[in-house]
>>> print(open('work-v7.pdb').read())   # PDB, C-alpha atoms
ATOM      1  CA  MET A   1      20.313  -2.419   4.347
ATOM      2  CA  PRO A   2      19.749  -3.689   0.802
ATOM      3  CA  GLY A   3      22.800  -3.592  -1.400
ATOM      4  CA  ARG A   4      20.811  -1.946  -4.199
ATOM      5  CA  ALA A   5      19.434   0.899  -2.058
ATOM      6  CA  GLY A   6      20.942   4.121  -0.764
ATOM      7  CA  PHE A   7      20.525   5.378   2.798
ATOM      8  CA  ALA A   8      17.461   7.514   2.019
ATOM      9  CA  GLU A   9      15.779   4.684   0.112
ATOM     10  CA  ALA A  10      16.501   2.192   2.874
ATOM     11  CA  ALA A  11      15.162   4.564   5.537
ATOM     12  CA  GLY A  12      12.003   5.176   3.538
ATOM     13  CA  LEU A  13      11.461   1.455   3.082
ATOM     14  CA  VAL A  14      11.419   0.405   6.741
ATOM     15  CA  ILE A  15       7.930   1.516   7.791
ATOM     16  CA  GLY A  16       6.235   1.749   4.385
ATOM     17  CA  GLY A  17       7.649  -1.503   3.075
ATOM     18  CA  GLY A  18       7.406  -3.257   6.421
ATOM     19  CA  THR A  19       3.728  -2.332   6.771
ATOM     20  CA  ALA A  20       2.961  -3.392   3.203
ATOM     21  CA  TYR A  21       4.736  -6.736   3.589
ATOM     22  CA  GLU A  22       3.057  -7.521   6.914
ATOM     23  CA  GLY A  23      -0.365  -6.545   5.572
ATOM     24  CA  LEU A  24      -0.076  -8.633   2.422
ATOM     25  CA  ALA A  25       1.985 -11.651   3.424
ATOM     26  CA  ASP A  26       1.392 -12.140   7.133
ATOM     27  CA  ARG A  27      -2.051 -10.639   7.799
ATOM     28  CA  GLY A  28      -3.677 -10.950   4.384
ATOM     29  CA  ARG A  29      -2.097 -14.302   3.444
ATOM     30  CA  LEU A  30      -1.888 -13.201  -0.190
ATOM     31  CA  ARG A  31      -1.158 -16.033  -2.592
ATOM     32  CA  ALA A  32       0.056 -16.197  -6.171
ATOM     33  CA  GLY A  33      -2.810 -15.926  -8.645
ATOM     34  CA  GLU A  34      -5.016 -13.871  -6.305
ATOM     35  CA  THR A  35      -6.154 -10.289  -6.862
ATOM     36  CA  VAL A  36      -5.535  -7.577  -4.268
ATOM     37  CA  LEU A  37      -7.057  -4.098  -4.160
ATOM     38  CA  ILE A  38      -4.792  -1.478  -2.556
ATOM     39  CA  THR A  39      -6.216   1.869  -1.440
ATOM     40  CA  ALA A  40      -3.997   4.949  -0.946
ATOM     41  CA  ALA A  41      -1.845   3.132  -3.465
ATOM     42  CA  ALA A  42       0.473   6.020  -4.343
ATOM     43  CA  GLY A  43       1.594   6.611  -0.749
ATOM     44  CA  GLY A  44       4.501   5.070   1.111
ATOM     45  CA  VAL A  45       2.724   1.853   2.070
ATOM     46  CA  GLY A  46       0.750   1.587  -1.160
ATOM     47  CA  SER A  47       3.740   2.099  -3.473
ATOM     48  CA  ALA A  48       5.549  -0.750  -1.751
ATOM     49  CA  ALA A  49       2.415  -2.914  -1.565
ATOM     50  CA  VAL A  50       1.811  -2.781  -5.323
ATOM     51  CA  GLN A  51       5.341  -4.006  -6.017
ATOM     52  CA  ILE A  52       5.339  -6.638  -3.278
ATOM     53  CA  ALA A  53       2.010  -8.047  -4.469
ATOM     54  CA  VAL A  54       3.316  -8.368  -8.022
ATOM     55  CA  ALA A  55       6.524  -9.993  -6.747
ATOM     56  CA  MET A  56       4.337 -12.531  -4.899
ATOM     57  CA  GLY A  57       2.621 -13.438  -8.168
ATOM     58  CA  ALA A  58      -0.635 -11.628  -7.423
ATOM     59  CA  ARG A  59      -2.609  -9.183  -9.559
ATOM     60  CA  ALA A  60      -2.387  -5.723  -7.976
ATOM     61  CA  LEU A  61      -5.130  -3.123  -8.427
ATOM     62  CA  GLY A  62      -4.594   0.392  -7.108
ATOM     63  CA  VAL A  63      -6.912   3.149  -5.917
ATOM     64  CA  ALA A  64      -5.511   6.664  -6.314
ATOM     65  CA  SER A  65      -6.195  10.057  -7.863
ATOM     66  CA  ARG A  66      -6.002  10.159 -11.647
ATOM     67  CA  GLY A  67      -2.654  11.942 -11.658
ATOM     68  CA  ASN A  68      -1.028   8.904 -10.035
ATOM     69  CA  HIS A  69      -2.372   6.256 -12.409
ATOM     70  CA  GLY A  70       0.652   6.191 -14.699
ATOM     71  CA  TYR A  71       2.972   6.107 -11.689
ATOM     72  CA  LEU A  72       1.209   3.065 -10.237
ATOM     73  CA  ARG A  73       1.180   1.251 -13.566
ATOM     74  CA  SER A  74       4.937   1.814 -13.733
ATOM     75  CA  LEU A  75       5.199  -0.025 -10.395
ATOM     76  CA  GLY A  76       3.234  -2.992 -11.743
ATOM     77  CA  ALA A  77      -0.433  -2.263 -11.019
ATOM     78  CA  SER A  78      -2.526  -3.942 -13.704
ATOM     79  CA  GLU A  79      -5.379  -1.451 -13.300
ATOM     80  CA  VAL A  80      -5.894   1.736 -11.308
ATOM     81  CA  PHE A  81      -9.140   3.367 -10.204
ATOM     82  CA  ASP A  82      -9.878   6.991  -9.346
ATOM     83  CA  TYR A  83     -11.514   7.302  -5.936
ATOM     84  CA  HIS A  84     -13.056  10.607  -7.052
ATOM     85  CA  ALA A  85     -15.323   8.681  -9.452
ATOM     86  CA  ALA A  86     -18.650   7.869  -7.809
ATOM     87  CA  ASP A  87     -18.749   4.381  -9.353
ATOM     88  CA  TRP A  88     -15.098   3.350  -8.957
ATOM     89  CA  ALA A  89     -15.914   0.289  -6.796
ATOM     90  CA  ARG A  90     -18.356  -0.843  -9.484
ATOM     91  CA  GLN A  91     -15.549  -0.442 -12.017
ATOM     92  CA  VAL A  92     -13.420  -2.789  -9.919
ATOM     93  CA  ARG A  93     -16.230  -5.349  -9.911
ATOM     94  CA  ALA A  94     -16.463  -5.075 -13.687
ATOM     95  CA  ALA A  95     -12.708  -5.670 -14.002
ATOM     96  CA  VAL A  96     -12.765  -8.534 -11.495
ATOM     97  CA  PRO A  97     -16.100 -10.370 -11.770
ATOM     98  CA  GLY A  98     -17.038 -11.717  -8.373
ATOM     99  CA  GLY A  99     -14.726  -9.332  -6.536
ATOM    100  CA  VAL A 100     -11.122  -9.183  -5.363
ATOM    101  CA  ASP A 101      -9.668 -11.765  -2.990
ATOM    102  CA  LEU A 102      -7.968  -9.285  -0.665
ATOM    103  CA  LEU A 103      -8.270  -5.612   0.258
ATOM    104  CA  LEU A 104      -5.313  -3.767   1.795
ATOM    105  CA  ASP A 105      -6.740  -0.484   3.064
ATOM    106  CA  GLY A 106      -4.634   2.482   4.046
ATOM    107  CA  ALA A 107      -7.210   5.157   3.246
ATOM    108  CA  GLY A 108     -10.025   4.656   5.723
ATOM    109  CA  GLY A 109     -13.320   6.528   5.665
ATOM    110  CA  GLN A 110     -15.537   6.537   2.602
ATOM    111  CA  THR A 111     -12.842   5.078   0.329
ATOM    112  CA  ARG A 112     -12.467   2.105   2.684
ATOM    113  CA  ASP A 113     -16.216   1.547   2.843
ATOM    114  CA  GLN A 114     -16.551   1.638  -0.948
ATOM    115  CA  ALA A 115     -13.568  -0.688  -1.357
ATOM    116  CA  ILE A 116     -15.204  -3.350   0.824
ATOM    117  CA  GLY A 117     -17.937  -3.533  -1.793
ATOM    118  CA  ALA A 118     -15.319  -4.718  -4.297
ATOM    119  CA  VAL A 119     -14.238  -7.687  -2.138
ATOM    120  CA  ARG A 120     -15.657 -11.082  -3.066
ATOM    121  CA  ASP A 121     -17.966 -12.986  -0.734
ATOM    122  CA  GLY A 122     -15.775 -14.820   1.764
ATOM    123  CA  GLY A 123     -12.786 -12.637   0.863
ATOM    124  CA  ARG A 124     -10.307 -10.942   3.174
ATOM    125  CA  ALA A 125      -9.686  -7.336   4.185
ATOM    126  CA  VAL A 126      -6.721  -5.894   6.070
ATOM    127  CA  PHE A 127      -6.972  -2.446   7.655
ATOM    128  CA  ILE A 128      -4.118  -0.310   8.925
ATOM    129  CA  VAL A 129      -5.119   0.619  12.482
ATOM    130  CA  LEU A 130      -4.379   4.329  11.974
ATOM    131  CA  GLN A 131      -7.330   4.493   9.566
ATOM    132  CA  GLY A 132      -9.443   1.895  11.349
ATOM    133  CA  PRO A 133     -11.799  -0.879  10.230
ATOM    134  CA  PRO A 134     -15.514  -0.411   9.496
ATOM    135  CA  ALA A 135     -18.089  -1.023  12.217
ATOM    136  CA  GLN A 136     -18.922  -4.425  10.743
ATOM    137  CA  LEU A 137     -18.286  -6.622   7.741
ATOM    138  CA  GLU A 138     -20.826  -8.690   5.858
ATOM    139  CA  ARG A 139     -20.886 -11.412   3.171
ATOM    140  CA  GLY A 140     -18.422 -13.569   5.113
ATOM    141  CA  ILE A 141     -15.512 -11.153   4.600
ATOM    142  CA  ALA A 142     -12.804 -11.681   7.217
ATOM    143  CA  GLY A 143     -11.364  -8.392   8.476
ATOM    144  CA  VAL A 144      -8.040  -7.877  10.245
ATOM    145  CA  PRO A 145      -6.975  -4.493  11.678
ATOM    146  CA  PHE A 146      -3.276  -4.214  12.500
ATOM    147  CA  ALA A 147      -0.544  -1.847  13.626
ATOM    148  CA  ALA A 148       2.683  -2.560  11.797
ATOM    149  CA  ARG A 149       5.450  -4.336  13.676
ATOM    150  CA  VAL A 150       8.652  -4.298  11.676
ATOM    151  CA  THR A 151      10.721  -7.372  12.489
ATOM    152  CA  TRP A 152      14.125  -8.617  11.380
ATOM    153  CA  GLN A 153      12.449 -11.324   9.296
ATOM    154  CA  ARG A 154      10.301  -8.784   7.442
ATOM    155  CA  LEU A 155      13.283  -6.537   6.792
ATOM    156  CA  GLU A 156      15.198  -9.524   5.433
ATOM    157  CA  ALA A 157      12.278 -10.316   3.121
ATOM    158  CA  LEU A 158      12.277  -6.699   1.881
ATOM    159  CA  ASN A 159      16.046  -6.842   1.347
ATOM    160  CA  ARG A 160      15.670  -9.897  -0.867
ATOM    161  CA  LEU A 161      12.992  -8.187  -2.961
ATOM    162  CA  VAL A 162      15.062  -5.014  -3.377
ATOM    163  CA  ASP A 163      18.229  -6.900  -4.259
ATOM    164  CA  ALA A 164      16.264  -9.037  -6.737
ATOM    165  CA  GLY A 165      15.089  -5.841  -8.440
ATOM    166  CA  THR A 166      11.387  -6.518  -7.819
ATOM    167  CA  LEU A 167      10.950  -3.786  -5.171
ATOM    168  CA  ARG A 168      12.189  -0.249  -5.817
ATOM    169  CA  PRO A 169      11.946   2.042  -2.762
ATOM    170  CA  GLN A 170       9.981   5.146  -3.723
ATOM    171  CA  VAL A 171      11.256   8.383  -2.150
ATOM    172  CA  SER A 172       9.597  11.553  -3.409
ATOM    173  CA  ALA A 173      11.803  13.974  -1.452
ATOM    174  CA  VAL A 174      14.736  14.126   0.953
ATOM    175  CA  LEU A 175      14.434  17.171   3.203
ATOM    176  CA  PRO A 176      16.590  18.550   6.018
ATOM    177  CA  LEU A 177      15.326  17.905   9.523
ATOM    178  CA  ASP A 178      14.415  21.559  10.053
ATOM    179  CA  GLN A 179      11.758  21.160   7.329
ATOM    180  CA  ALA A 180       9.922  18.449   9.260
ATOM    181  CA  ARG A 181       6.821  20.641   9.533
ATOM    182  CA  GLN A 182       6.624  21.044   5.741
ATOM    183  CA  ALA A 183       7.196  17.319   5.250
ATOM    184  CA  LEU A 184       4.370  16.445   7.624
ATOM    185  CA  ALA A 185       2.082  18.915   5.840
ATOM    186  CA  GLN A 186       2.789  17.214   2.504
ATOM    187  CA  VAL A 187       2.041  13.795   3.966
ATOM    188  CA  ALA A 188      -1.143  15.030   5.659
ATOM    189  CA  ALA A 189      -2.338  16.521   2.352
ATOM    190  CA  ARG A 190      -1.781  13.101   0.718
ATOM    191  CA  HIS A 191       0.089  14.604  -2.187
ATOM    192  CA  ALA A 192       3.377  12.744  -1.701
ATOM    193  CA  ARG A 193       4.268   9.743  -3.813
ATOM    194  CA  GLY A 194       6.090   7.106  -1.829
ATOM    195  CA  LYS A 195       7.953   8.363   1.231
ATOM    196  CA  ILE A 196       9.431  11.668   2.316
ATOM    197  CA  VAL A 197      12.726  11.216   4.166
ATOM    198  CA  LEU A 198      14.162  13.656   6.698
ATOM    199  CA  GLN A 199      17.944  13.882   6.810
ATOM    200  CA  THR A 200      20.006  15.059   9.762
ATOM    201  CA  GLU A 201      23.157  17.104   9.247
ATOM    202  CA  GLN A 202      26.219  15.059   8.407
TER     203      GLN A 202
END
>>> encode(input="work-v7.pdb", output="structure tokens")
Amino acid sequence: MPGRAGFAEAAGLVIGGGTAYEGLADRGRLRAGETVLITAAAGGVGSAAVQIAVAMGARALGVASRGNHGYLRSLGASEVFDYHAADWARQVRAAVPGGVDLLLDGAGGQTRDQAIGAVRDGGRAVFIVLQGPPAQLERGIAGVPFAARVTWQRLEALNRLVDAGTLRPQVSAVLPLDQARQALAQVAARHARGKIVLQTEQ
């Protein structure tokens, strides 16, 4: 448990942060100086991914509804794009001529398919298995679907980032366990920023 995080923050960081770190560092091989596009950027994985990417020396671009743009900029995203805009992927291409080096997709569906268009030729794309990869990739883009596996080494890496002040766990709500149904409904509606944590009675 990071010294600079409370119990709720630490609990919320395990899956969201672990998935983000694995997707960026281990699967996506993100390097300093590269540009990464993160879909579903305001969610639990995305909120951590933006901060982790910046801590790794990369340029982080987020995809989220307009109401979350200021939130993502506060986490370090250099630019944020509204997936409701029909031409948002073209906007990314205008901001990053040639396309982004890496895509970390947690959205799936149409947003995922549009985001692939913003990846440079020969770039990389990482897809969280829950949302699934596209049927095929073109232009030499290497795609990697994965299901997160949180390991001791990844948790240690997250601890170092939190204790260094470069990763702030984002918890939008702490609810009692008997409100699990409401918590799941909020997550399913994709309106939660960061993670929702359920707390058992003490």
>>> closest_residue(input="work-v7.pdb", among="A:Gly132, A:Gly62, A:Gly6, A:Gly122", to="Asp82 of chain A", atoms="only C-alpha atoms")
A:Gly62
>>> atom_distance(input="work-v7.pdb", atom1="atom CA of Glu34 of chain A", atom2="atom CA of Gly12 of chain A")
27.4 Å
>>> closest_residue(input="work-v7.pdb", among="A:Gln110, A:Asp101, A:Arg59, A:Arg193", to="His84 of chain A", atoms="all atoms listed in the file")
A:Gln110
>>> closest_atom_pairs(input="work-v7.pdb", of="segment 114-201 of chain A", to="segment 45-52 of chain A", cutoff="10 Å", atoms="all atoms listed in the file", output="tab-separated table")
residue	atom	partner	partner_atom	distance
A:Ile128	CA	A:Val45	CA	9.9
A:Leu158	CA	A:Ile52	CA	8.6
A:Leu161	CA	A:Ile52	CA	7.8
A:Val162	CA	A:Ile52	CA	9.9
A:Thr166	CA	A:Gln51	CA	6.8
A:Leu167	CA	A:Gln51	CA	5.7
A:Arg168	CA	A:Ala48	CA	7.8
A:Pro169	CA	A:Ala48	CA	7.1
A:Gln170	CA	A:Ser47	CA	6.9
A:Val171	CA	A:Ser47	CA	9.9
A:Arg193	CA	A:Ser47	CA	7.7
A:Gly194	CA	A:Ser47	CA	5.8
A:Lys195	CA	A:Val45	CA	8.4
>>> resolve_selection(input="work-v7.pdb", expression="the PyMOL selection byres ((chain A and resi 65) around 10)", output="VMD selection string")
chain A and resid 40 to 42 62 to 64 66 to 69 80 to 85 191
>>> closest_residue(input="work-v7.pdb", among="A:Ala142, A:Ala77, A:Ala89, A:Ala148", to="Gly23 of chain A", atoms="all atoms listed in the file")
A:Ala148
>>> residues_near_point(input="work-v7.pdb", point="(-15.0, 4.1, -0.8)", cutoff="10 Å", atoms="all atoms listed in the file", output="list in words")
Thr39, Val63, Tyr83, His84, Ala85, Ala86, Asp87, Trp88, Ala89, Ala107, Gly108, Gly109, Gln110, Thr111, Arg112, Asp113, Gln114, Ala115, Ile116, Gly117 and Ala118 of chain A
>>> residues_near_point(input="work-v7.pdb", point="(9.9, -0.2, 4.6)", cutoff="10 Å", atoms="all atoms listed in the file", output="PyMOL selection string")
chain A and resi 9-21+44-45+48+150+154-155+158-159+169-170+195
>>> axis_aligned_box(input="work-v7.pdb", around="segment 186-200 of chain A", padding_each_side="8 Å", output="lines of an AutoDock Vina configuration file")
center_x = 8.8
center_y = 12.2
center_z = 3.0
size_x = 38.3
size_y = 26.1
size_z = 29.6
>>> residues_around(input="work-v7.pdb", residues="Arg124 of chain A", least_positions_apart="3", cutoff="9 Å", atoms="all atoms listed in the file", output="ChimeraX atom specification")
/A:28-29,100-104,119-121,140-144
>>> atom_distance(input="work-v7.pdb", atom1="atom CA of Leu184 of chain A", atom2="atom CA of Val36 of chain A")
28.6 Å
>>> closest_residue(input="work-v7.pdb", among="A:Gly165, A:Gln131, A:Asp178, A:Trp152", to="Leu75 of chain A", atoms="all atoms listed in the file")
A:Gly165
